[in-house]
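Here's work_13.pdb, which has PDB, C-alpha atoms, pLDDT in the B column:
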ATOM      1  CA  ARG L   1      -6.229 -25.292  -3.291  1.00 43.00           C
ATOM      2  CA  TRP L   2      -5.034 -21.698  -3.706  1.00 48.00           C
ATOM      3  CA  VAL L   3      -2.585 -22.013  -0.817  1.00 51.00           C
ATOM      4  CA  LYS L   4      -1.103 -25.197  -2.285  1.00 46.00           C
ATOM      5  CA  LYS L   5      -0.591 -23.484  -5.644  1.00 47.00           C
ATOM      6  CA  GLN L   6       0.878 -20.427  -3.948  1.00 45.00           C
ATOM      7  CA  VAL L   7       3.416 -22.462  -2.036  1.00 46.00           C
ATOM      8  CA  ALA L   8       4.326 -24.857  -4.849  1.00 47.00           C
ATOM      9  CA  GLY L   9       4.088 -22.724  -7.982  1.00 50.00           C
ATOM     10  CA  ASP L  10       6.374 -20.093  -9.465  1.00 56.00           C
ATOM     11  CA  ASP L  11       3.693 -17.983 -11.124  1.00 80.00           C
ATOM     12  CA  ILE L  12       2.054 -15.020  -9.444  1.00 91.00           C
ATOM     13  CA  GLU L  13      -1.438 -16.225  -8.600  1.00 90.00           C
ATOM     14  CA  GLU L  14      -4.554 -14.463  -9.876  1.00 93.00           C
ATOM     15  CA  VAL L  15      -7.081 -13.513  -7.183  1.00 91.00           C
ATOM     16  CA  ASN L  16     -10.159 -11.315  -6.888  1.00 90.00           C
ATOM     17  CA  MET L  17     -10.686  -8.460  -4.414  1.00 89.00           C
ATOM     18  CA  LYS L  18     -12.709 -10.643  -2.052  1.00 88.00           C
ATOM     19  CA  MET L  19      -9.869 -13.136  -1.785  1.00 87.00           C
ATOM     20  CA  LEU L  20      -7.299 -10.323  -1.460  1.00 85.00           C
ATOM     21  CA  SER L  21      -9.292  -8.927   1.456  1.00 83.00           C
ATOM     22  CA  ARG L  22      -9.150 -12.311   3.174  1.00 80.00           C
ATOM     23  CA  ILE L  23      -5.402 -12.535   2.561  1.00 80.00           C
ATOM     24  CA  ILE L  24      -4.823  -9.091   4.055  1.00 77.00           C
ATOM     25  CA  LYS L  25      -6.917  -9.986   7.100  1.00 72.00           C
ATOM     26  CA  GLY L  26      -4.853 -13.146   7.591  1.00 68.00           C
ATOM     27  CA  GLU L  27      -7.766 -15.458   6.834  1.00 69.00           C
ATOM     28  CA  ILE L  28      -5.911 -17.099   3.923  1.00 63.00           C
ATOM     29  CA  GLY L  29      -2.298 -18.168   4.122  1.00 57.00           C
ATOM     30  CA  ASN L  30      -0.031 -20.888   5.408  1.00 51.00           C
ATOM     31  CA  ARG L  31       1.314 -19.855   8.808  1.00 48.00           C
ATOM     32  CA  ALA L  32       4.038 -22.504   8.588  1.00 47.00           C
ATOM     33  CA  THR L  33       5.313 -20.803   5.436  1.00 42.00           C
ATOM     34  CA  PHE L  34       4.434 -17.163   6.016  1.00 44.00           C
ATOM     35  CA  GLY L  35       4.945 -17.026   9.775  1.00 43.00           C
ATOM     36  CA  GLY L  36       3.106 -14.292  11.634  1.00 47.00           C
ATOM     37  CA  HIS L  37       3.053 -11.902   8.709  1.00 47.00           C
ATOM     38  CA  GLU L  38      -0.166 -10.724   7.160  1.00 58.00           C
ATOM     39  CA  ASP L  39       1.601  -8.826   4.395  1.00 75.00           C
ATOM     40  CA  ALA L  40       0.631  -9.077   0.750  1.00 86.00           C
ATOM     41  CA  ALA L  41       1.855  -7.576  -2.494  1.00 92.00           C
ATOM     42  CA  VAL L  42      -0.606  -7.246  -5.374  1.00 95.00           C
ATOM     43  CA  ILE L  43       0.154  -6.199  -8.921  1.00 97.00           C
ATOM     44  CA  PHE L  44      -2.844  -4.634 -10.619  1.00 97.00           C
ATOM     45  CA  TYR L  45      -2.490  -5.115 -14.374  1.00 97.00           C
ATOM     46  CA  LYS L  46      -4.361  -4.685 -17.642  1.00 96.00           C
ATOM     47  CA  ARG L  47      -5.299  -7.845 -19.489  1.00 95.00           C
ATOM     48  CA  GLY L  48      -3.989  -7.991 -23.045  1.00 95.00           C
ATOM     49  CA  ASP L  49      -1.583  -5.115 -22.435  1.00 96.00           C
ATOM     50  CA  LEU L  50       1.966  -5.808 -23.634  1.00 97.00           C
ATOM     51  CA  TYR L  51       3.617  -3.705 -20.936  1.00 97.00           C
ATOM     52  CA  SER L  52       1.567  -5.376 -18.196  1.00 97.00           C
ATOM     53  CA  SER L  53       2.624  -8.782 -19.546  1.00 96.00           C
ATOM     54  CA  LYS L  54       6.265  -7.713 -19.583  1.00 97.00           C
ATOM     55  CA  VAL L  55       6.075  -6.513 -15.974  1.00 97.00           C
ATOM     56  CA  LEU L  56       4.373  -9.710 -14.829  1.00 96.00           C
ATOM     57  CA  ARG L  57       7.115 -11.838 -16.413  1.00 95.00           C
ATOM     58  CA  SER L  58       9.731  -9.758 -14.623  1.00 96.00           C
ATOM     59  CA  LEU L  59       8.016  -9.918 -11.238  1.00 96.00           C
ATOM     60  CA  GLU L  60       7.515 -13.688 -11.464  1.00 94.00           C
ATOM     61  CA  ARG L  61      11.286 -13.911 -11.002  1.00 94.00           C
ATOM     62  CA  ILE L  62      10.920 -12.690  -7.398  1.00 94.00           C
ATOM     63  CA  ASP L  63       7.780 -14.619  -6.435  1.00 90.00           C
ATOM     64  CA  ASP L  64       9.738 -17.349  -4.618  1.00 89.00           C
ATOM     65  CA  HIS L  65      11.897 -14.750  -2.869  1.00 89.00           C
ATOM     66  CA  CYS L  66       8.774 -13.004  -1.593  1.00 88.00           C
ATOM     67  CA  GLU L  67       7.398 -16.286  -0.311  1.00 83.00           C
ATOM     68  CA  ALA L  68      10.649 -16.955   1.547  1.00 84.00           C
ATOM     69  CA  LYS L  69      10.392 -13.529   3.204  1.00 83.00           C
ATOM     70  CA  GLY L  70       6.777 -14.077   4.255  1.00 81.00           C
ATOM     71  CA  ILE L  71       5.140 -11.891   1.613  1.00 86.00           C
ATOM     72  CA  ILE L  72       2.181 -13.308  -0.295  1.00 88.00           C
ATOM     73  CA  PHE L  73       2.400 -12.062  -3.905  1.00 91.00           C
ATOM     74  CA  VAL L  74      -0.751 -12.037  -6.072  1.00 93.00           C
ATOM     75  CA  LYS L  75      -2.127 -10.296  -9.160  1.00 95.00           C
ATOM     76  CA  ILE L  76      -5.473  -8.773 -10.135  1.00 96.00           C
ATOM     77  CA  GLY L  77      -6.442  -8.092 -13.738  1.00 96.00           C
ATOM     78  CA  ASP L  78      -9.631  -6.171 -12.951  1.00 94.00           C
ATOM     79  CA  GLU L  79      -9.384  -2.531 -14.058  1.00 94.00           C
ATOM     80  CA  SER L  80     -12.610  -1.533 -12.291  1.00 93.00           C
ATOM     81  CA  GLU L  81     -11.330  -2.827  -8.953  1.00 91.00           C
ATOM     82  CA  ALA L  82      -8.071  -0.942  -9.466  1.00 93.00           C
ATOM     83  CA  GLY L  83     -10.108   2.163 -10.224  1.00 92.00           C
ATOM     84  CA  ASN L  84     -11.964   1.760  -6.935  1.00 89.00           C
ATOM     85  CA  LEU L  85      -8.616   2.203  -5.196  1.00 90.00           C
ATOM     86  CA  GLY L  86      -7.817   5.310  -7.240  1.00 91.00           C
ATOM     87  CA  ILE L  87      -5.374   3.409  -9.457  1.00 93.00           C
ATOM     88  CA  THR L  88      -5.688   4.618 -13.035  1.00 91.00           C
ATOM     89  CA  ASN L  89      -2.261   3.772 -14.449  1.00 94.00           C
ATOM     90  CA  LEU L  90      -1.678   0.060 -14.948  1.00 96.00           C
ATOM     91  CA  PRO L  91       0.294  -1.911 -14.056  1.00 97.00           C
ATOM     92  CA  THR L  92       0.660  -0.706 -10.455  1.00 97.00           C
ATOM     93  CA  LEU L  93       2.117  -2.512  -7.456  1.00 97.00           C
ATOM     94  CA  VAL L  94       0.535  -2.140  -4.029  1.00 95.00           C
ATOM     95  CA  TYR L  95       1.938  -3.594  -0.823  1.00 92.00           C
ATOM     96  CA  PHE L  96      -0.490  -4.132   2.040  1.00 88.00           C
ATOM     97  CA  GLU L  97       0.940  -4.103   5.544  1.00 82.00           C
ATOM     98  CA  LYS L  98      -2.052  -5.716   7.220  1.00 73.00           C
ATOM     99  CA  THR L  99      -4.803  -3.422   5.902  1.00 77.00           C
ATOM    100  CA  ILE L 100      -2.669  -0.372   5.094  1.00 83.00           C
ATOM    101  CA  PRO L 101      -1.671   0.056   1.417  1.00 87.00           C
ATOM    102  CA  HIS L 102       1.714   1.236   0.119  1.00 88.00           C
ATOM    103  CA  LEU L 103       2.055   2.370  -3.501  1.00 92.00           C
ATOM    104  CA  TYR L 104       5.244   1.462  -5.352  1.00 93.00           C
ATOM    105  CA  GLN L 105       6.520   4.399  -7.396  1.00 90.00           C
ATOM    106  CA  GLY L 106       9.634   2.903  -8.969  1.00 94.00           C
ATOM    107  CA  ASP L 107      10.354   0.988 -12.177  1.00 96.00           C
ATOM    108  CA  LEU L 108       8.344  -2.242 -12.171  1.00 97.00           C
ATOM    109  CA  GLU L 109      10.649  -3.861 -14.728  1.00 96.00           C
ATOM    110  CA  GLN L 110      13.555  -3.727 -12.266  1.00 96.00           C
ATOM    111  CA  HIS L 111      12.540  -6.808 -10.315  1.00 95.00           C
ATOM    112  CA  SER L 112      15.526  -6.685  -7.945  1.00 95.00           C
ATOM    113  CA  GLN L 113      14.592  -3.132  -6.922  1.00 96.00           C
ATOM    114  CA  VAL L 114      10.984  -4.191  -6.450  1.00 96.00           C
ATOM    115  CA  LEU L 115      12.062  -7.051  -4.171  1.00 95.00           C
ATOM    116  CA  GLU L 116      14.307  -4.714  -2.180  1.00 94.00           C
ATOM    117  CA  TRP L 117      11.394  -2.286  -1.756  1.00 94.00           C
ATOM    118  CA  LEU L 118       8.978  -5.009  -0.660  1.00 93.00           C
ATOM    119  CA  VAL L 119      11.380  -6.345   1.958  1.00 90.00           C
ATOM    120  CA  ASP L 120      12.096  -2.804   3.122  1.00 89.00           C
ATOM    121  CA  GLN L 121       8.360  -2.158   3.563  1.00 86.00           C
ATOM    122  CA  MET L 122       8.068  -5.250   5.721  1.00 83.00           C
ATOM    123  CA  GLN L 123      11.134  -4.637   7.857  1.00 82.00           C
ATOM    124  CA  THR L 124      11.198  -0.869   8.376  1.00 79.00           C
ATOM    125  CA  ASP L 125       8.884   1.873   9.536  1.00 75.00           C
ATOM    126  CA  SER L 126       7.625   4.095   6.752  1.00 81.00           C
ATOM    127  CA  ILE L 127       4.678   6.387   6.123  1.00 89.00           C
ATOM    128  CA  GLU L 128       2.604   4.970   3.298  1.00 85.00           C
ATOM    129  CA  GLU L 129       1.662   6.936   0.177  1.00 88.00           C
ATOM    130  CA  VAL L 130      -2.020   6.412  -0.611  1.00 90.00           C
ATOM    131  CA  THR L 131      -4.605   7.668  -3.060  1.00 91.00           C
ATOM    132  CA  HIS L 132      -7.752   9.588  -2.138  1.00 92.00           C
ATOM    133  CA  GLU L 133      -9.824   6.434  -2.629  1.00 91.00           C
ATOM    134  CA  MET L 134      -7.488   4.408  -0.413  1.00 91.00           C
ATOM    135  CA  LEU L 135      -7.799   7.067   2.276  1.00 93.00           C
ATOM    136  CA  GLU L 136     -11.580   6.811   2.095  1.00 93.00           C
ATOM    137  CA  GLY L 137     -11.302   3.066   2.624  1.00 90.00           C
ATOM    138  CA  LEU L 138      -9.066   3.548   5.665  1.00 91.00           C
ATOM    139  CA  LYS L 139     -11.472   6.091   7.172  1.00 93.00           C
ATOM    140  CA  GLU L 140     -14.295   3.580   6.879  1.00 91.00           C
ATOM    141  CA  LYS L 141     -12.299   0.965   8.801  1.00 88.00           C
ATOM    142  CA  HIS L 142     -10.546   3.076  11.447  1.00 92.00           C
ATOM    143  CA  ARG L 143     -11.973   5.476  14.017  1.00 93.00           C
ATOM    144  CA  ILE L 144      -8.890   7.705  13.657  1.00 95.00           C
ATOM    145  CA  VAL L 145      -6.594   8.125  10.652  1.00 95.00           C
ATOM    146  CA  LEU L 146      -3.637  10.525  10.706  1.00 96.00           C
ATOM    147  CA  VAL L 147      -2.764  12.061   7.339  1.00 96.00           C
ATOM    148  CA  VAL L 148       0.246  14.189   6.482  1.00 97.00           C
ATOM    149  CA  PHE L 149      -0.295  16.325   3.401  1.00 97.00           C
ATOM    150  CA  TYR L 150       3.116  17.019   1.940  1.00 96.00           C
ATOM    151  CA  ASP L 151       5.173  18.167  -1.026  1.00 95.00           C
ATOM    152  CA  PRO L 152       7.766  15.530  -2.019  1.00 92.00           C
ATOM    153  CA  VAL L 153      10.220  18.167  -3.279  1.00 94.00           C
ATOM    154  CA  ASP L 154       9.964  20.291  -0.123  1.00 95.00           C
ATOM    155  CA  SER L 155      12.612  19.604   2.527  1.00 95.00           C
ATOM    156  CA  GLU L 156      10.355  20.641   5.421  1.00 96.00           C
ATOM    157  CA  SER L 157       7.654  18.241   4.219  1.00 96.00           C
ATOM    158  CA  MET L 158      10.105  15.370   4.083  1.00 95.00           C
ATOM    159  CA  GLU L 159      11.405  16.180   7.571  1.00 95.00           C
ATOM    160  CA  VAL L 160       7.864  15.981   8.931  1.00 95.00           C
ATOM    161  CA  VAL L 161       7.298  12.640   7.190  1.00 94.00           C
ATOM    162  CA  LYS L 162      10.570  11.318   8.606  1.00 93.00           C
ATOM    163  CA  SER L 163       9.695  12.427  12.150  1.00 93.00           C
ATOM    164  CA  LEU L 164       6.323  10.682  11.957  1.00 92.00           C
ATOM    165  CA  GLU L 165       8.037   7.457  10.941  1.00 90.00           C
ATOM    166  CA  ASN L 166       9.465   7.373  14.475  1.00 90.00           C
ATOM    167  CA  ILE L 167       5.967   6.936  15.930  1.00 90.00           C
ATOM    168  CA  ASP L 168       4.467   4.825  13.146  1.00 86.00           C
ATOM    169  CA  ASP L 169       4.732   1.550  15.068  1.00 83.00           C
ATOM    170  CA  ASP L 170       3.252   3.052  18.244  1.00 88.00           C
ATOM    171  CA  ALA L 171       0.369   4.539  16.261  1.00 90.00           C
ATOM    172  CA  GLU L 172      -0.242   1.225  14.500  1.00 84.00           C
ATOM    173  CA  ALA L 173      -0.284  -0.573  17.844  1.00 85.00           C
ATOM    174  CA  ALA L 174      -2.977   1.876  18.948  1.00 90.00           C
ATOM    175  CA  GLY L 175      -4.964   1.163  15.789  1.00 88.00           C
ATOM    176  CA  ILE L 176      -4.209   4.516  14.158  1.00 92.00           C
ATOM    177  CA  PRO L 177      -2.873   4.352  10.579  1.00 91.00           C
ATOM    178  CA  ILE L 178      -0.509   7.132   9.483  1.00 93.00           C
ATOM    179  CA  VAL L 179      -0.446   7.840   5.752  1.00 94.00           C
ATOM    180  CA  LYS L 180       0.743  10.581   3.429  1.00 94.00           C
ATOM    181  CA  LEU L 181      -0.772  12.333   0.412  1.00 94.00           C
ATOM    182  CA  GLU L 182       0.489  14.981  -1.970  1.00 93.00           C
ATOM    183  CA  ASP L 183      -3.050  15.805  -3.098  1.00 93.00           C
ATOM    184  CA  LYS L 184      -3.285  19.594  -2.715  1.00 93.00           C
ATOM    185  CA  GLN L 185      -6.888  19.739  -3.895  1.00 94.00           C
ATOM    186  CA  LEU L 186      -7.982  17.231  -1.263  1.00 94.00           C
ATOM    187  CA  ALA L 187      -6.005  19.152   1.352  1.00 96.00           C
ATOM    188  CA  LYS L 188      -7.945  22.319   0.492  1.00 96.00           C
ATOM    189  CA  THR L 189     -11.277  20.569   1.030  1.00 95.00           C
ATOM    190  CA  VAL L 190     -10.373  20.109   4.719  1.00 95.00           C
ATOM    191  CA  GLY L 191      -8.970  23.625   5.126  1.00 96.00           C
ATOM    192  CA  VAL L 192      -5.282  22.994   4.454  1.00 96.00           C
ATOM    193  CA  PHE L 193      -3.726  25.621   2.204  1.00 95.00           C
ATOM    194  CA  ALA L 194      -0.038  25.341   3.162  1.00 95.00           C
ATOM    195  CA  LEU L 195       2.110  22.233   3.209  1.00 95.00           C
ATOM    196  CA  PRO L 196       3.190  20.292   5.145  1.00 96.00           C
ATOM    197  CA  ALA L 197       0.158  19.787   7.373  1.00 97.00           C
ATOM    198  CA  ILE L 198      -1.132  17.015   9.627  1.00 97.00           C
ATOM    199  CA  VAL L 199      -4.838  16.215   9.734  1.00 97.00           C
ATOM    200  CA  PHE L 200      -6.597  13.816  12.079  1.00 96.00           C
ATOM    201  CA  PHE L 201      -9.691  12.237  10.570  1.00 96.00           C
ATOM    202  CA  LYS L 202     -11.848  11.188  13.513  1.00 95.00           C
ATOM    203  CA  ASN L 203     -15.061   9.222  13.999  1.00 94.00           C
ATOM    204  CA  PHE L 204     -14.533   7.182  10.842  1.00 91.00           C
ATOM    205  CA  GLY L 205     -13.882  10.286   8.740  1.00 90.00           C
ATOM    206  CA  GLU L 206     -16.801  12.356  10.012  1.00 92.00           C
ATOM    207  CA  GLU L 207     -14.508  15.001  11.525  1.00 95.00           C
ATOM    208  CA  ALA L 208     -11.238  16.490  10.210  1.00 95.00           C
ATOM    209  CA  VAL L 209      -8.981  18.194  12.771  1.00 96.00           C
ATOM    210  CA  ILE L 210      -5.915  20.097  11.584  1.00 96.00           C
ATOM    211  CA  TYR L 211      -2.914  19.832  13.899  1.00 96.00           C
ATOM    212  CA  SER L 212      -1.993  23.341  15.043  1.00 92.00           C
ATOM    213  CA  GLY L 213       1.187  22.573  16.973  1.00 88.00           C
ATOM    214  CA  GLU L 214       4.802  22.709  15.845  1.00 87.00           C
ATOM    215  CA  LEU L 215       5.610  20.255  13.090  1.00 82.00           C
TER     216      LEU L 215
END

Do you think you could lay out the structure here as structure tokens?
Amino acid sequence: RWVKKQVAGDDIEEVNMKMLSRIIKGEIGNRATFGGHEDAAVIFYKRGDLYSSKVLRSLERIDDHCEAKGIIFVKIGDESEAGNLGITNLPTLVYFEKTIPHLYQGDLEQHSQVLEWLVDQMQTDSIEEVTHEMLEGLKEKHRIVLVVFYDPVDSESMEVVKSLENIDDDAEAAGIPIVKLEDKQLAKTVGVFALPAIVFFKNFGEEAVIYSGEL
């Protein structure tokens, strides 16, 4: 029933986290429509909030375009579930490339820019920005996670991020997510006091190894 509504309707469909998990894993979706993609965009919003409602109306204008590109677009109005992902400011858009989340940091009312960003995420290699809570979720699912701690206004940091984008596909093929964080406090907890720095979280997060080679 949900798939039929998703394919036929113009509205962004409401789902819960259990259903979103199934979408991301490729367990829900119409392969004839969405091809081989297991990509999903989810807008976390606050019920009864005027700004959230305004953003949803804007994003509904690109729902059909997302479907045509192979991106399943859904919404979740559960603030506690958003909080579990470290999302405190609503509304927030998250794009999942398979199981790896990407946070949108632009203007959600500019629907054409949102669509451009979503398509770009699907078609190009990029290192995903995640929250601390999202990182914890990735560590639970993957034996190895590579994290680059960076400063977005530092040119050296951005060069390191760009260089890692060249191996992102190879790492993904090996089952190793590469993500980025600008959380200096979290970096300090694993012994990183200067940015940029690369940390390998091994054995499902049990061990943190700081890369000591040339960045």

*Who sits within 10 Å of Gly191 (chain L), all atoms listed in the file, same chain under 6 positions skipped, as number ranges by chain*: L: 199, 208-210

*State, in Å with one decimal place, the distance from CA of Gln185 (chain L) to CA of Leu135 (chain L).*
14.1 Å

_Closest of L:Glu206, L:Glu128, L:Asp49, L:Glu109 to Leu164 (chain L) - atom-to-atom distances counting all atoms listed in the file_ = L:Glu128

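In this model, the gap between CA of Ser155 (chain L) and CA of Val94 (chain L) comes to 25.7 Å.
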
_Answer key for the PyMOL selection byres ((chain L and resi 86) around 8), residues as a PyMOL selection string_ = chain L and resi 82-85+87-88+131-134

*asked:* If we draw a sphere of 12 Å around (-7.4, -5.3, -9.0), which residues have at least one atom in it when counting all atoms listed in the file? Please report them as a PyMOL selection string.
replied: chain L and resi 14-21+41-47+74-94

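CA of Tyr95 (chain L) is found 24.2 Å from CA of Ala187 (chain L).
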
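The closest residue to Glu207 (chain L), picked from L:Ile62, L:Val145, L:Val130, L:Leu186 and counting all atoms listed in the file, is L:Val145.
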
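When all atoms listed in the file are used to measure the gap to Ser126 (chain L), the shortest distance among L:Gln110, L:Gln105, L:Thr99, L:Asn166 belongs to L:Asn166.
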